[in-house]
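*Asks:* This is final-v2.txt, which holds compact mmCIF, C-alpha atoms:
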# COMPACT_ATOMS: atom_id res chain seq x y z
CA MET N 7 -54.00 -5.09 0.63
CA ARG N 8 -56.82 -6.58 -1.36
CA LYS N 9 -56.10 -8.32 -4.61
CA PRO N 10 -57.66 -6.50 -7.59
CA PRO N 11 -61.00 -8.10 -8.53
CA ASP N 12 -59.93 -8.62 -12.15
CA MET N 13 -56.84 -10.62 -11.14
CA PHE N 14 -57.42 -14.33 -11.65
CA ASP N 15 -55.58 -16.70 -9.30
CA ARG N 16 -52.07 -15.39 -8.45
CA ASP N 17 -52.93 -15.41 -4.73
CA PHE N 18 -49.42 -16.43 -3.66
CA GLU N 19 -47.68 -13.93 -5.95
CA TRP N 20 -49.96 -11.08 -4.89
CA ALA N 21 -49.48 -11.89 -1.20
CA GLU N 22 -45.69 -11.87 -1.55
CA LEU N 23 -45.62 -8.62 -3.53
CA THR N 24 -47.92 -6.81 -1.12
CA ARG N 25 -45.98 -8.15 1.88
CA PHE N 26 -42.79 -6.72 0.39
CA ALA N 27 -44.43 -3.38 -0.50
CA ALA N 28 -45.90 -3.02 3.00
CA HIS N 29 -42.57 -3.67 4.73
CA ARG N 30 -41.45 -0.59 6.65
CA ALA N 31 -37.72 -0.03 6.82
CA PRO N 32 -35.71 3.10 7.61
CA HIS N 33 -34.13 2.91 4.14
CA ALA N 34 -34.97 1.83 0.62
CA THR N 35 -35.23 -1.88 -0.04
CA LEU N 36 -34.76 -3.62 -3.35
CA GLY N 37 -36.93 -6.44 -4.63
CA VAL N 38 -36.27 -8.38 -7.80
CA VAL N 39 -39.01 -10.11 -9.75
CA SER N 40 -37.79 -12.50 -12.38
CA GLY N 41 -39.20 -15.31 -14.44
CA ARG N 42 -39.98 -16.47 -17.93
CA ARG N 43 -41.25 -13.97 -20.45
CA ARG N 44 -44.98 -13.50 -21.03
CA GLN N 45 -46.08 -14.87 -17.65
CA GLY N 46 -47.75 -11.74 -16.21
CA LYS N 47 -44.99 -10.10 -14.18
CA THR N 48 -45.67 -6.65 -15.64
CA TYR N 49 -49.41 -7.05 -14.97
CA LEU N 50 -48.74 -7.93 -11.32
CA LEU N 51 -46.27 -5.08 -10.83
CA ASP N 52 -48.61 -2.59 -12.48
CA ALA N 53 -51.43 -3.68 -10.17
CA LEU N 54 -49.11 -3.35 -7.16
CA THR N 55 -48.03 0.19 -8.03
CA ARG N 56 -51.65 1.21 -8.59
CA ALA N 57 -52.70 -0.30 -5.26
CA THR N 58 -49.89 1.43 -3.36
CA GLY N 59 -49.90 4.77 -5.18
CA GLY N 60 -46.43 4.00 -6.45
CA PHE N 61 -44.60 4.69 -9.69
CA MET N 62 -43.84 2.27 -12.50
CA PHE N 63 -41.55 2.85 -15.45
CA THR N 64 -41.38 0.27 -18.20
CA ALA N 65 -38.14 0.51 -20.13
CA THR N 66 -37.82 -0.16 -23.83
CA GLU N 67 -34.76 -0.67 -25.97
CA ALA N 68 -33.49 2.88 -26.34
CA ALA N 69 -30.37 4.97 -26.10
CA GLU N 70 -29.48 6.12 -22.60
CA ARG N 71 -30.47 9.76 -23.23
CA GLU N 72 -33.86 8.71 -24.61
CA ALA N 73 -34.49 6.38 -21.64
CA LEU N 74 -33.56 9.12 -19.14
CA ASP N 75 -35.83 11.60 -20.93
CA ARG N 76 -38.77 9.18 -20.93
CA LEU N 77 -38.23 8.43 -17.25
CA GLY N 78 -38.14 12.18 -16.49
CA GLU N 79 -41.38 12.74 -18.41
CA ASP N 80 -43.18 9.83 -16.75
CA LEU N 81 -41.99 10.69 -13.25
CA ALA N 82 -42.91 14.37 -13.63
CA HIS N 83 -46.39 13.36 -14.78
CA HIS N 84 -46.73 10.99 -11.81
CA LEU N 85 -45.63 13.71 -9.37
CA GLY N 86 -47.82 16.38 -10.95
CA GLU N 87 -44.82 18.46 -12.01
CA PRO N 88 -45.58 21.04 -14.73
CA VAL N 89 -42.47 20.23 -16.81
CA PRO N 90 -40.52 17.01 -17.43
CA LEU N 91 -37.67 16.25 -15.07
CA ARG N 92 -34.23 16.21 -16.67
CA PHE N 93 -31.60 13.81 -15.41
CA ASP N 94 -27.92 14.04 -16.36
CA GLY N 95 -27.33 10.35 -15.59
CA TRP N 96 -28.63 7.25 -13.87
CA HIS N 97 -27.21 8.16 -10.47
CA GLU N 98 -29.28 11.34 -10.42
CA ALA N 99 -32.38 9.53 -11.75
CA ILE N 100 -32.22 6.72 -9.19
CA THR N 101 -31.59 9.19 -6.37
CA ARG N 102 -34.73 11.11 -7.40
CA LEU N 103 -36.74 7.89 -7.63
CA LEU N 104 -35.69 6.97 -4.10
CA HIS N 105 -37.00 10.33 -2.91
CA THR N 106 -40.38 10.42 -4.68
CA THR N 107 -41.81 11.45 -1.33
CA ASP N 108 -40.44 12.10 2.12
CA ARG N 109 -43.76 11.45 3.85
CA GLU N 110 -44.00 7.69 3.47
CA PRO N 111 -42.41 4.82 1.54
CA ARG N 112 -43.55 4.33 -2.03
CA THR N 113 -43.37 1.44 -4.40
CA VAL N 114 -41.13 2.21 -7.36
CA VAL N 115 -40.94 -0.34 -10.16
CA LEU N 116 -38.40 -0.33 -12.99
CA ASP N 117 -39.84 -2.89 -15.38
CA GLU N 118 -37.68 -4.44 -18.10
CA PHE N 119 -34.61 -3.25 -16.20
CA PRO N 120 -32.08 -4.96 -18.53
CA TYR N 121 -33.05 -2.47 -21.25
CA LEU N 122 -31.74 0.34 -19.06
Hey, can you dump this file as structure tokens for me?
*Replies:*
Amino acid sequence: MRKPPDMFDRDFEWAELTRFAAHRAPHATLGVVSGRRRQGKTYLLDALTRATGGFMFTATEAAEREALDRLGEDLAHHLGEPVPLRFDGWHEAITRLLHTTDREPRTVVLDEFPYL
């Protein structure tokens, strides 16, 4: 996967992210990206989801119901659904995220996960 032309440096980080995203497994795999604040993690993850046709949700400090509603709106928009998805809890939301498509694996990013 080619690095976006507007991405300066970050060759190692991009290579590792795309290697992980391209990994084919018979089940979902979890990757964790951590590091100091304001170092470009969100930028890298956004570029990765765009390059792979994946889905990215960036959490903000919000009540659980508000976060679930925002996730449902964003995911419905991503999937081309005519109305927002409604989740009764995180188990249902995560299950739906893991099944964004049955045809091929997709990259799903939950950015700022501690806010959730």
*Asks:* Can you pull out the residues contacting Glu22 of chain N? Cut-off 12 Å, using all atoms listed in the file, and skip same-chain residues under 5 positions away; I want them as a CSV table (one decimal) with C-alpha atoms, keeping the file's coordinate frame.
*Replies:*
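Here's the written file selection10.csv:
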chain,number,residue,atom,x,y,z
N,7,MET,CA,-54.0,-5.1,0.6
N,9,LYS,CA,-56.1,-8.3,-4.6
N,16,ARG,CA,-52.1,-15.4,-8.4
N,17,ASP,CA,-52.9,-15.4,-4.7
N,27,ALA,CA,-44.4,-3.4,-0.5
N,28,ALA,CA,-45.9,-3.0,3.0
N,29,HIS,CA,-42.6,-3.7,4.7
N,37,GLY,CA,-36.9,-6.4,-4.6
N,38,VAL,CA,-36.3,-8.4,-7.8
N,39,VAL,CA,-39.0,-10.1,-9.8
N,50,LEU,CA,-48.7,-7.9,-11.3
N,51,LEU,CA,-46.3,-5.1,-10.8
N,54,LEU,CA,-49.1,-3.4,-7.2
*Asks:* I'd like the contact shell of Phe14 of chain N - 12 Å cut-off, all atoms listed in the file, skipping same-chain residues fewer than 6 positions apart - returned as a ChimeraX atom specification.
*Replies:* /N:20,46,49-50
*Asks:* Considering all atoms listed in the file, return as number ranges by chain whatever protein or nucleic-acid residues lie within 8 Å of Ala65 of chain N, sequence-local ones (same chain, fewer than 2 positions apart) excluded.
*Replies:* N: 63, 67, 73, 116-119, 121-122
*Asks:* Any chance you can output those residues with C-alpha atoms as a PDB file, keeping the file's coordinate frame?
*Replies:*
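New file selection35.pdb:
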ATOM      1  CA  PHE N  63     -41.550   2.850 -15.450  1.00  0.00           C
ATOM      2  CA  GLU N  67     -34.760  -0.670 -25.970  1.00  0.00           C
ATOM      3  CA  ALA N  73     -34.490   6.380 -21.640  1.00  0.00           C
ATOM      4  CA  LEU N 116     -38.400  -0.330 -12.990  1.00  0.00           C
ATOM      5  CA  ASP N 117     -39.840  -2.890 -15.380  1.00  0.00           C
ATOM      6  CA  GLU N 118     -37.680  -4.440 -18.100  1.00  0.00           C
ATOM      7  CA  PHE N 119     -34.610  -3.250 -16.200  1.00  0.00           C
ATOM      8  CA  TYR N 121     -33.050  -2.470 -21.250  1.00  0.00           C
ATOM      9  CA  LEU N 122     -31.740   0.340 -19.060  1.00  0.00           C
TER      10      LEU N 122
END
*Asks:* Would you mind reading off the distance between atom CA of Met62 of chain N and atom CA of His105 of chain N, one decimal, in Å?
*Replies:*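 Computing it gives 14.3 Å between the two atoms.
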*Asks:* Do you know which residues are at most 12 Å from segment 80-87 of chain N counting only C-alpha atoms, after dropping those on the same chain fewer than 4 positions away, and could you put them as a ChimeraX atom specification?
*Replies:* /N:55-56,59-65,73-76,91-93,99-100,102-107,114-116
*Asks:* Output as JSON the centre and edge lengths (Å, one decimal) of the box along x, y and z of the file that holds every listed atom of segment 82-87 of chain N after adding 8 Å on each side.
*Replies:*
{"center_x": -45.4, "center_y": 14.7, "center_z": -12.1, "size_x": 20.9, "size_y": 23.5, "size_z": 21.4}
*Asks:* Could you please determine the separation between atom CA of Asp52 of chain N and atom CA of Gly78 of chain N in Å, to one decimal place?
*Replies:* 18.5 Å
*Asks:* As an exercise, work out the distance from atom CA of Thr48 of chain N to atom CA of Leu77 of chain N in Å and give it to one decimal place.
*Replies:* 16.9 Å
*Asks:* Can you work out which one of N:Gly41, N:Pro32, N:Gly95, N:Pro11 has the shortest atom-to-atom distance to Glu72 of chain N, counting all atoms listed in the file?
*Replies:*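 Residue with the minimum atom-to-atom distance to Glu72 of chain N: N:Gly95.
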*Asks:* Given all atoms listed in the file as the basis, pick out the residue of N:Arg71, N:Arg42, N:Leu36, N:Ala53 nearest to Pro10 of chain N.
*Replies:*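 Among the listed residues, the smallest separation from Pro10 of chain N belongs to N:Ala53.
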*Asks:* With N, CA, C and O atoms as the goal, would you fill in the gaps in segment 82-100 of chain N and present it as a PDB file, in the coordinates of the input?
*Replies:*
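As a result, out_13.pdb now contains:
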ATOM      1  N   ALA N  82     -42.311  13.040 -13.815  1.00  0.00           N
ATOM      2  CA  ALA N  82     -42.910  14.370 -13.630  1.00  0.00           C
ATOM      3  C   ALA N  82     -44.428  14.289 -13.705  1.00  0.00           C
ATOM      4  O   ALA N  82     -45.132  14.898 -12.889  1.00  0.00           O
ATOM      5  N   HIS N  83     -44.926  13.531 -14.659  1.00  0.00           N
ATOM      6  CA  HIS N  83     -46.390  13.360 -14.780  1.00  0.00           C
ATOM      7  C   HIS N  83     -46.946  12.720 -13.514  1.00  0.00           C
ATOM      8  O   HIS N  83     -47.963  13.165 -12.971  1.00  0.00           O
ATOM      9  N   HIS N  84     -46.291  11.688 -13.022  1.00  0.00           N
ATOM     10  CA  HIS N  84     -46.730  10.990 -11.810  1.00  0.00           C
ATOM     11  C   HIS N  84     -46.752  11.934 -10.598  1.00  0.00           C
ATOM     12  O   HIS N  84     -47.662  11.877  -9.771  1.00  0.00           O
ATOM     13  N   LEU N  85     -45.753  12.795 -10.508  1.00  0.00           N
ATOM     14  CA  LEU N  85     -45.630  13.710  -9.370  1.00  0.00           C
ATOM     15  C   LEU N  85     -46.440  14.988  -9.533  1.00  0.00           C
ATOM     16  O   LEU N  85     -46.488  15.816  -8.626  1.00  0.00           O
ATOM     17  N   GLY N  86     -47.051  15.178 -10.711  1.00  0.00           N
ATOM     18  CA  GLY N  86     -47.820  16.380 -10.950  1.00  0.00           C
ATOM     19  C   GLY N  86     -46.952  17.596 -11.233  1.00  0.00           C
ATOM     20  O   GLY N  86     -47.388  18.734 -11.056  1.00  0.00           O
ATOM     21  N   GLU N  87     -45.732  17.366 -11.675  1.00  0.00           N
ATOM     22  CA  GLU N  87     -44.820  18.460 -12.010  1.00  0.00           C
ATOM     23  C   GLU N  87     -45.246  19.080 -13.339  1.00  0.00           C
ATOM     24  O   GLU N  87     -45.658  18.361 -14.245  1.00  0.00           O
ATOM     25  N   PRO N  88     -45.118  20.391 -13.497  1.00  0.00           N
ATOM     26  CA  PRO N  88     -45.580  21.040 -14.730  1.00  0.00           C
ATOM     27  C   PRO N  88     -44.674  20.796 -15.942  1.00  0.00           C
ATOM     28  O   PRO N  88     -45.108  20.918 -17.077  1.00  0.00           O
ATOM     29  N   VAL N  89     -43.395  20.482 -15.701  1.00  0.00           N
ATOM     30  CA  VAL N  89     -42.470  20.230 -16.810  1.00  0.00           C
ATOM     31  C   VAL N  89     -41.724  18.921 -16.549  1.00  0.00           C
ATOM     32  O   VAL N  89     -41.566  18.505 -15.397  1.00  0.00           O
ATOM     33  N   PRO N  90     -41.261  18.268 -17.618  1.00  0.00           N
ATOM     34  CA  PRO N  90     -40.520  17.010 -17.430  1.00  0.00           C
ATOM     35  C   PRO N  90     -39.265  17.224 -16.590  1.00  0.00           C
ATOM     36  O   PRO N  90     -38.640  18.284 -16.646  1.00  0.00           O
ATOM     37  N   LEU N  91     -38.920  16.217 -15.823  1.00  0.00           N
ATOM     38  CA  LEU N  91     -37.670  16.250 -15.070  1.00  0.00           C
ATOM     39  C   LEU N  91     -36.538  15.904 -16.021  1.00  0.00           C
ATOM     40  O   LEU N  91     -36.710  15.098 -16.940  1.00  0.00           O
ATOM     41  N   ARG N  92     -35.398  16.492 -15.809  1.00  0.00           N
ATOM     42  CA  ARG N  92     -34.230  16.210 -16.670  1.00  0.00           C
ATOM     43  C   ARG N  92     -33.127  15.651 -15.787  1.00  0.00           C
ATOM     44  O   ARG N  92     -32.729  16.287 -14.809  1.00  0.00           O
ATOM     45  N   PHE N  93     -32.663  14.475 -16.156  1.00  0.00           N
ATOM     46  CA  PHE N  93     -31.600  13.810 -15.410  1.00  0.00           C
ATOM     47  C   PHE N  93     -30.340  13.775 -16.268  1.00  0.00           C
ATOM     48  O   PHE N  93     -30.386  13.456 -17.455  1.00  0.00           O
ATOM     49  N   ASP N  94     -29.200  14.069 -15.642  1.00  0.00           N
ATOM     50  CA  ASP N  94     -27.920  14.040 -16.360  1.00  0.00           C
ATOM     51  C   ASP N  94     -27.339  12.633 -16.420  1.00  0.00           C
ATOM     52  O   ASP N  94     -26.428  12.384 -17.201  1.00  0.00           O
ATOM     53  N   GLY N  95     -27.834  11.731 -15.586  1.00  0.00           N
ATOM     54  CA  GLY N  95     -27.330  10.350 -15.590  1.00  0.00           C
ATOM     55  C   GLY N  95     -28.170   9.492 -14.680  1.00  0.00           C
ATOM     56  O   GLY N  95     -29.104   9.967 -14.011  1.00  0.00           O
ATOM     57  N   TRP N  96     -27.837   8.206 -14.652  1.00  0.00           N
ATOM     58  CA  TRP N  96     -28.630   7.250 -13.870  1.00  0.00           C
ATOM     59  C   TRP N  96     -28.512   7.470 -12.375  1.00  0.00           C
ATOM     60  O   TRP N  96     -29.460   7.229 -11.629  1.00  0.00           O
ATOM     61  N   HIS N  97     -27.357   7.915 -11.907  1.00  0.00           N
ATOM     62  CA  HIS N  97     -27.210   8.160 -10.470  1.00  0.00           C
ATOM     63  C   HIS N  97     -28.219   9.215 -10.012  1.00  0.00           C
ATOM     64  O   HIS N  97     -28.915   9.035  -9.002  1.00  0.00           O
ATOM     65  N   GLU N  98     -28.326  10.286 -10.756  1.00  0.00           N
ATOM     66  CA  GLU N  98     -29.280  11.340 -10.420  1.00  0.00           C
ATOM     67  C   GLU N  98     -30.725  10.834 -10.522  1.00  0.00           C
ATOM     68  O   GLU N  98     -31.570  11.140  -9.677  1.00  0.00           O
ATOM     69  N   ALA N  99     -31.023  10.049 -11.554  1.00  0.00           N
ATOM     70  CA  ALA N  99     -32.380   9.530 -11.750  1.00  0.00           C
ATOM     71  C   ALA N  99     -32.787   8.588 -10.608  1.00  0.00           C
ATOM     72  O   ALA N  99     -33.888   8.706 -10.060  1.00  0.00           O
ATOM     73  N   ILE N 100     -31.901   7.687 -10.258  1.00  0.00           N
ATOM     74  CA  ILE N 100     -32.220   6.720  -9.190  1.00  0.00           C
ATOM     75  C   ILE N 100     -32.342   7.446  -7.858  1.00  0.00           C
ATOM     76  O   ILE N 100     -33.240   7.145  -7.058  1.00  0.00           O
TER      77      ILE N 100
END
